[in-house]
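Just below is one structure, and these are the notes that go with it.
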Amino acid sequence: MTSILVVCGAGASSTFLASRIRKLAAERGLPISARAASASELSASLDGAAVILVGPHLEAEFEAISAIAAAQSIPTALLPATAFGADGAIAALDTAVSLINDPHDSQNLTNPRPADKGPLHA
């Protein structure tokens, strides 16, 4: 199972988004789990993460978050401002699947995923 880590400031909005991502992934038949973490607990939450999606309100911290992820070769993407809205899970899951399938396919990508990770299909 591929794990998506959704990061936000305190962890509340990312918890709701992670839940919606899990539900959507199940509906699509994708072997994906999603969990939430606050930016302050990022280092302790990296274990097992295949992709990190960062809440748009952390744009100023995105470079630092990406650097932490780079040490683990985990790709990161900054989510759009609409990420926590009604259709945010769709965009977030599509971004994560894109990074898993082709880490060079996202303009928000900062850390390419190693090529040894298998593809997923949406």
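Each chain in the structure tokens gets a letter, A, B and so on, in the order shown; residues start at 1 in every chain, and ligands are counted from 1 in the order they appear.
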Determine, counting only C-alpha atoms, which protein, DNA and RNA residues have an atom within 12 Å of an atom of Asp87 of chain A; residues of the same chain fewer than 6 positions away are not included. Present the result as a list in words.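 Everything that qualifies: Leu17, Arg20, Ile21, Leu24, Pro80, Ala81, Leu93 and Asp94 of chain A.
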Same residues, C-alpha atoms, output as a PDB file, in the first residue's frame:
```pdb
ATOM      1  CA  LEU A  17      -8.234  15.948   3.624  1.00  0.00           C
ATOM      2  CA  ARG A  20     -11.313  12.237   1.940  1.00  0.00           C
ATOM      3  CA  ILE A  21      -8.260  11.033  -0.017  1.00  0.00           C
ATOM      4  CA  LEU A  24     -11.634   8.532  -2.921  1.00  0.00           C
ATOM      5  CA  PRO A  80      -3.443  24.584  -4.589  1.00  0.00           C
ATOM      6  CA  ALA A  81      -5.428  27.069  -2.523  1.00  0.00           C
ATOM      7  CA  LEU A  93      -5.122  12.405  -5.013  1.00  0.00           C
ATOM      8  CA  ASP A  94      -4.494  13.137  -8.692  1.00  0.00           C
TER       9      ASP A  94
END
```
With distances taken over only C-alpha atoms, which of A:Ala77, A:Ala34, A:Ala70, A:Ala44 is nearest to Thr15 of chain A?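 Nearest candidate to Thr15 of chain A out of A:Ala77, A:Ala34, A:Ala70, A:Ala44: A:Ala34.
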I need the residues of chain A that end up classed as strand (DSSP E) by DSSP on the backbone, written out as a PyMOL selection string. chain A and resi 2-8+32-38+49-54+76-78
Serialized selection, C-alpha atoms, as a CSV table (one decimal), in the first residue's frame:
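Output contents, as saved in again_24.csv:
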```csv
chain,number,residue,atom,x,y,z
A,2,THR,CA,1.3,3.4,-1.0
A,3,SER,CA,1.1,6.1,1.7
A,4,ILE,CA,0.4,9.8,1.2
A,5,LEU,CA,1.4,12.2,4.0
A,6,VAL,CA,-0.7,15.4,4.0
A,7,VAL,CA,1.0,18.2,6.0
A,8,CYS,CA,-0.7,21.3,7.3
A,32,ILE,CA,-3.3,4.1,-1.3
A,33,SER,CA,-3.5,5.2,2.3
A,34,ALA,CA,-3.4,8.8,3.5
A,35,ARG,CA,-2.5,10.2,6.8
A,36,ALA,CA,-2.1,13.7,8.3
A,37,ALA,CA,0.7,15.4,10.1
A,38,SER,CA,1.4,18.9,11.3
A,49,ALA,CA,5.5,8.0,3.2
A,50,ALA,CA,5.7,7.8,-0.6
A,51,VAL,CA,4.6,11.3,-1.3
A,52,ILE,CA,4.1,14.4,0.8
A,53,LEU,CA,1.4,16.9,0.0
A,54,VAL,CA,1.8,20.3,1.6
A,76,THR,CA,6.7,16.8,-2.3
A,77,ALA,CA,4.0,18.9,-3.9
A,78,LEU,CA,2.4,22.2,-2.7
```
Tell me, in Å to one decimal, how far atom CA of Pro31 of chain A is from atom CA of Glu61 of chain A. 29.5 Å
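Closest to Gly29 of chain A among A:Gly48, A:Glu63, A:Met1, A:Ile74 is A:Met1, based on only C-alpha atoms.
Counting only C-alpha atoms, the residue from A:Ala67, A:Lys23, A:Thr82, A:Pro75 that sits nearest to Ile100 of chain A is A:Pro75.
For the choices A:Ala10, A:Ala25, A:Gly55, A:Phe16, the atom-to-atom distance to Ile90 of chain A is smallest for A:Ala25 when using only C-alpha atoms.
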Can you measure atom CA of Phe84 of chain A to atom CA of Pro56 of chain A for me? One decimal in Å is fine. 9.0 Å
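The two atoms in question, atom CA of Ala69 of chain A and atom CA of Ala92 of chain A, are spaced 17.7 Å apart.
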Name the residues of chain A that fall into helix (DSSP H, G or I) according to DSSP on the backbone, using the chain letters and numbers of this document, as a ChimeraX atom specification. /A:12-28,39-45,56-70,88-101
From the list A:Leu46, A:Ala39, A:Val97, A:Ala91, the nearest residue to Phe62 of chain A using only C-alpha atoms is A:Ala39
